[in-house]
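Only one structure is covered here, and it is reproduced in the block below.
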Amino acid sequence: MNRKEFLTFSGLAGTGLVFNKAFGTPGINTFSSENKSKATITYKKIRLELYHPWTITRGTAAYKENVFVFYKKDGITGIGEAGHMTAAGQDADRTIRELKQLISLYENENPWYFDAMPDKARKILPELSPAKAALDIALMDWLGKKANMPVYQFFGVNQDRKVDTSFSIGRDTPEVMKQKVQEARPYKILKVKITGQNDKEAIEAIRSVSNKPIRVDVNEGWKDKEKAIREIEWLANQGIEFIEQPMPVGMLNETRWLRERSPVPIVADEAVNTSADVLKIAGAYDGINIKLMKSGGLLEAFRMTHLARLLNMDIMLGCMIESSVGIAAAVQLQSLARWVDLDGNLLIRNDPFTGLTFKDGYWVLSGDPGIGIKPKAQI
Ligand code: MG
């Protein structure tokens with residue numbers, strides 16, 4: 001059948017007028033992918049003060065230094081953020097060095113061909129880097145603002161489904177933990193870390209004052225699978241929702257063994273940074289914890305959600321200590337997640353940005369174009 005025959009057969013011949021009415025005159029777009037002016041990218045290190053000192057491997061920190069990226073073009077500014085995983089050797093100065101390697105790529109490429117950007121950035125800087133996340137978030141914020149729509153809409157994600165976020169209860173004496181649980185009244189789900197010391201007392205302390213679901217993060221702490229399954233069974237009896245990264249990343253077969261026996265889902269965190277890792281760990285975990293600072297931004301995170309769905313794995317959204325820029329970026333994808341753990345901005349007292357609202361246990365975006373965030377004052 002040639003084209004004319006096909007059109008006659010399908011009754012489409014002569015319907016050009018109808019097509020034009022329905023879809024507008026061909027060739028006219030509301031925005032253009034032309035790239036006449038060059039982008040300018042600047043960055044700034046900002047100290048985020050913590051409500052409670054944060055215990056890390058190398059001591060205790062009272063603040064975190066994050067790096068904010070500003071992508072400017074056509075009178076519009078896109079904002080991005082880099083938060084750091086101290087245990088992985090990341091900090092603001094390293095992020096700034098890495099930004100300097102990547103900025104000319106982002107300044108010179110046509111922003112509308114954003115699909116290719118993560119791969120191009122990875123060629124320049126193959127390693128895990130929050131600098132990549134900051135640039136990607138700033139670019140997506142700019143594109144959303146330029147197209148006059150929120151990023152989730154740009155991605156085609158329906159935001160109607162809200163997902164409650166968990167809130168981390170820092171490890172302390174049972175008395176202090178009970179008090180922290182009381183203070184966490186607005187949050188419907190609690191998260192606690194397993195340290196290998198007095199873990200049962202910590203869980204019992206929470207349970208003595210609250211019957212909210214508890215998520216448990218082991219951070220690769222269990223090395224013996226037989227012992228691990230006994231711990232999980234005890235925790236499951238305490239109303240635990242899931243177990244995050246129970247065993248070291250390298251113990252994939254043991255984790256698969258654990259998953260086959262665990263009464264609660266097993267979620268990967270340290271074992272998964274990008275899509276390539278999702279493929280490697282499929283079958284050994286029930287779900288993946290996607291963090292923009294690990295994936296290198298929204299585009300790769302979005303790709304990971306597709307892959308997880310294809311592999312029948314559940315999606316969790318997590319974060320570092322970030323202002324509402326990084327958190328609002330992740331919230332764009334919240335409807336795709338089974339579990340949301342976005343509490344980084346709740347831990348800081350001087351968030352320089354505004355636009356996210358916490359309501360009845362979950363995050364609500366402003367609905368403004370881009371990631372929907374504005375600086376509170378001139379930055
Ligand atoms: Mg974790």
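In the structure tokens, chains take the letters A, B, ... in the order shown, each chain's residues start at 1, and ligands count up from 1 in the order shown.
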Quick one: residues within 8 Å of ligand 1, with only C-alpha atoms and all ligand atoms, as a ChimeraX atom specification?
/A:217-219,244-245,268-270,289,318
Proximity of segment 235-291 of chain A to segment 113-136 of chain A: per-residue shortest pair, 10 Å limit, only C-alpha atoms, as JSON lines:
```
{"residue": "A:Asn273", "atom": "CA", "partner": "A:Leu128", "partner_atom": "CA", "distance": 7.9}
{"residue": "A:Thr274", "atom": "CA", "partner": "A:Leu128", "partner_atom": "CA", "distance": 9.1}
{"residue": "A:Lys291", "atom": "CA", "partner": "A:Ala133", "partner_atom": "CA", "distance": 9.7}
```
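Counting only C-alpha atoms and comparing A:Leu346, A:Ile371, A:Ile41, A:Val364, the residue that lies closest to Phe167 of chain A is A:Leu346.
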Compile a residue-level contact table for segment 221-305 of chain A against segment 193-202 of chain A at a cut-off of 9 Å, reporting for every qualifying residue the shortest atom pair and its distance in Å to one decimal, with only C-alpha atoms counted, rows ordered by chain and ascending number, as CSV.
```
residue,atom,partner,partner_atom,distance
A:Gly221,CA,A:Thr195,CA,7.1
A:Trp222,CA,A:Gly196,CA,8.3
A:Trp234,CA,A:Lys200,CA,8.9
A:Leu235,CA,A:Lys200,CA,8.4
```
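For Asn110 of chain A, the non-local neighbours within 8 Å, defined as residues at least 5 positions apart in the same chain or in other chains and counting only C-alpha atoms, are Ser33, Glu34 and Asn35 of chain A.
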Can I get the selected residues back with N, CA and C atoms, as a PDB file, in the first residue's frame?
```pdb
ATOM      1  N   SER A  33      14.462  25.828  20.340  1.00  0.00           N
ATOM      2  CA  SER A  33      15.698  25.190  20.792  1.00  0.00           C
ATOM      3  C   SER A  33      16.928  25.899  20.229  1.00  0.00           C
ATOM      4  N   GLU A  34      16.699  27.087  19.655  1.00  0.00           N
ATOM      5  CA  GLU A  34      17.839  27.868  19.168  1.00  0.00           C
ATOM      6  C   GLU A  34      18.728  28.256  20.338  1.00  0.00           C
ATOM      7  N   ASN A  35      20.009  28.385  20.083  1.00  0.00           N
ATOM      8  CA  ASN A  35      20.960  28.653  21.156  1.00  0.00           C
ATOM      9  C   ASN A  35      21.855  29.813  20.747  1.00  0.00           C
TER      10      ASN A  35
END
```
Residue neighbourhood segment 299-305 of chain A, 9 Å, only C-alpha atoms, exclusion window fewer than 5 positions, as number ranges by chain
A: 114-115, 117-118, 136-137, 140, 155, 274-276, 278, 288, 290-292, 294, 310, 314-315, 330, 333, 336-337
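Among A:Gln334, A:Leu139, A:Ala377, A:Thr354, the residue with the shortest atom-to-atom distance to Gln159 of chain A, counting only C-alpha atoms, is A:Gln334.
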As a PyMOL selection string, please: all residues of segment 172-278 of chain A that backbone DSSP puts in alpha helix (DSSP H).
chain A and resi 174-183+199-209+225-237+252-261+275-278
Could those residues be written to a file, using N, CA and C atoms, as a short mmCIF file (atom, residue, chain, number, x, y, z; two decimals), in the first residue's frame?
```cif
data_model
loop_
_atom_site.label_atom_id
_atom_site.label_comp_id
_atom_site.auth_asym_id
_atom_site.auth_seq_id
_atom_site.Cartn_x
_atom_site.Cartn_y
_atom_site.Cartn_z
N PRO A 174 18.94 6.19 75.22
CA PRO A 174 17.50 5.93 75.07
C PRO A 174 16.64 7.12 75.50
N GLU A 175 17.02 7.81 76.56
CA GLU A 175 16.22 8.95 77.03
C GLU A 175 16.18 10.08 76.00
N VAL A 176 17.37 10.41 75.44
CA VAL A 176 17.43 11.49 74.43
C VAL A 176 16.68 11.07 73.16
N MET A 177 16.80 9.79 72.80
CA MET A 177 16.10 9.33 71.59
C MET A 177 14.58 9.43 71.76
N LYS A 178 14.11 9.09 72.94
CA LYS A 178 12.66 9.21 73.20
C LYS A 178 12.21 10.66 73.02
N GLN A 179 13.04 11.57 73.52
CA GLN A 179 12.73 12.99 73.40
C GLN A 179 12.73 13.43 71.93
N LYS A 180 13.72 12.93 71.17
CA LYS A 180 13.79 13.27 69.74
C LYS A 180 12.54 12.76 69.00
N VAL A 181 12.06 11.57 69.39
CA VAL A 181 10.85 11.01 68.76
C VAL A 181 9.65 11.90 69.06
N GLN A 182 9.58 12.41 70.29
CA GLN A 182 8.47 13.32 70.63
C GLN A 182 8.54 14.59 69.79
N GLU A 183 9.77 15.08 69.59
CA GLU A 183 9.95 16.32 68.80
C GLU A 183 9.62 16.09 67.32
N ASP A 199 21.79 -1.50 69.64
CA ASP A 199 20.76 -1.27 68.62
C ASP A 199 19.36 -1.63 69.11
N LYS A 200 19.26 -2.79 69.81
CA LYS A 200 17.93 -3.20 70.28
C LYS A 200 17.36 -2.20 71.28
N GLU A 201 18.24 -1.69 72.16
CA GLU A 201 17.76 -0.69 73.13
C GLU A 201 17.25 0.56 72.41
N ALA A 202 17.96 0.94 71.34
CA ALA A 202 17.56 2.14 70.59
C ALA A 202 16.17 1.95 69.97
N ILE A 203 15.95 0.79 69.34
CA ILE A 203 14.65 0.51 68.71
C ILE A 203 13.57 0.43 69.80
N GLU A 204 13.88 -0.24 70.92
CA GLU A 204 12.90 -0.36 72.00
C GLU A 204 12.56 1.01 72.60
N ALA A 205 13.57 1.89 72.66
CA ALA A 205 13.32 3.24 73.18
C ALA A 205 12.31 3.97 72.29
N ILE A 206 12.51 3.85 70.96
CA ILE A 206 11.57 4.50 70.03
C ILE A 206 10.18 3.88 70.19
N ARG A 207 10.14 2.55 70.22
CA ARG A 207 8.87 1.83 70.31
C ARG A 207 8.11 2.12 71.62
N SER A 208 8.86 2.47 72.66
CA SER A 208 8.18 2.74 73.94
C SER A 208 7.37 4.03 73.89
N VAL A 209 7.68 4.91 72.91
CA VAL A 209 6.95 6.18 72.83
C VAL A 209 6.22 6.39 71.50
N LYS A 225 25.74 -13.35 57.35
CA LYS A 225 24.35 -13.43 56.87
C LYS A 225 23.42 -14.13 57.87
N GLU A 226 23.92 -15.16 58.58
CA GLU A 226 23.08 -15.89 59.54
C GLU A 226 22.67 -14.96 60.69
N LYS A 227 23.65 -14.18 61.14
CA LYS A 227 23.39 -13.23 62.21
C LYS A 227 22.44 -12.13 61.69
N ALA A 228 22.69 -11.70 60.45
CA ALA A 228 21.88 -10.63 59.84
C ALA A 228 20.41 -11.04 59.77
N ILE A 229 20.13 -12.28 59.35
CA ILE A 229 18.72 -12.67 59.22
C ILE A 229 18.04 -12.73 60.59
N ARG A 230 18.80 -13.10 61.62
CA ARG A 230 18.21 -13.10 62.97
C ARG A 230 17.88 -11.67 63.42
N GLU A 231 18.78 -10.73 63.10
CA GLU A 231 18.55 -9.31 63.43
C GLU A 231 17.30 -8.80 62.69
N ILE A 232 17.21 -9.17 61.41
CA ILE A 232 16.07 -8.70 60.59
C ILE A 232 14.76 -9.25 61.15
N GLU A 233 14.78 -10.53 61.54
CA GLU A 233 13.54 -11.13 62.08
C GLU A 233 13.11 -10.41 63.37
N TRP A 234 14.09 -10.08 64.20
CA TRP A 234 13.76 -9.36 65.44
C TRP A 234 13.18 -7.97 65.09
N LEU A 235 13.85 -7.29 64.14
CA LEU A 235 13.40 -5.95 63.74
C LEU A 235 12.00 -5.99 63.11
N ALA A 236 11.76 -7.02 62.29
CA ALA A 236 10.45 -7.14 61.63
C ALA A 236 9.34 -7.24 62.68
N ASN A 237 9.64 -7.90 63.79
CA ASN A 237 8.66 -8.01 64.87
C ASN A 237 8.41 -6.68 65.58
N LEU A 252 27.27 -9.41 47.57
CA LEU A 252 26.04 -9.45 46.79
C LEU A 252 25.30 -10.79 46.93
N ASN A 253 26.06 -11.88 46.90
CA ASN A 253 25.41 -13.20 47.02
C ASN A 253 24.78 -13.38 48.40
N GLU A 254 25.47 -12.91 49.43
CA GLU A 254 24.93 -13.00 50.79
C GLU A 254 23.67 -12.14 50.92
N THR A 255 23.69 -10.97 50.25
CA THR A 255 22.52 -10.09 50.31
C THR A 255 21.33 -10.74 49.60
N ARG A 256 21.62 -11.43 48.48
CA ARG A 256 20.56 -12.14 47.76
C ARG A 256 19.96 -13.24 48.65
N TRP A 257 20.83 -13.95 49.38
CA TRP A 257 20.42 -14.99 50.33
C TRP A 257 19.49 -14.39 51.39
N LEU A 258 19.89 -13.21 51.86
CA LEU A 258 19.14 -12.51 52.90
C LEU A 258 17.76 -12.09 52.37
N ARG A 259 17.77 -11.58 51.16
CA ARG A 259 16.53 -11.10 50.55
C ARG A 259 15.51 -12.23 50.42
N GLU A 260 15.99 -13.43 50.05
CA GLU A 260 15.10 -14.58 49.88
C GLU A 260 14.41 -14.95 51.19
N ARG A 261 15.04 -14.63 52.32
CA ARG A 261 14.51 -15.02 53.63
C ARG A 261 13.88 -13.88 54.42
N SER A 275 22.57 4.16 36.97
CA SER A 275 21.87 3.08 36.26
C SER A 275 22.71 1.82 36.13
N ALA A 276 24.00 2.00 35.87
CA ALA A 276 24.88 0.84 35.67
C ALA A 276 24.85 -0.07 36.91
N ASP A 277 24.75 0.53 38.10
CA ASP A 277 24.71 -0.27 39.33
C ASP A 277 23.37 -0.98 39.49
N VAL A 278 22.30 -0.35 39.00
CA VAL A 278 20.97 -0.98 39.12
C VAL A 278 21.00 -2.35 38.44
#
```
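Residues in contact with Ser104 of chain A at up to 10 Å, not including ones fewer than 4 positions away on its chain and judged by only C-alpha atoms, are A:Ala39, A:Thr40, A:Ile41, A:Leu99, A:Lys100, A:Asn108, A:Glu109.
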For the strand (DSSP E or B) assignment from backbone DSSP, which residues of segment 126-312 of chain A qualify? Please present them as a ChimeraX atom specification.
/A:150,165-168,189-193,214-217,240-244,266-268,282,285,287-291
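The residue that comes closest to Leu356 of chain A, out of A:Lys374, A:Arg97, A:His84, A:Lys188 and on the basis of only C-alpha atoms, is A:Lys374.
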Pick out the residues sitting within 6 Å of Tyr71 of chain A, and hand them over as a count of residues only; count only C-alpha atoms, and ignore anything fewer than 4 positions along from it in its own chain.
4
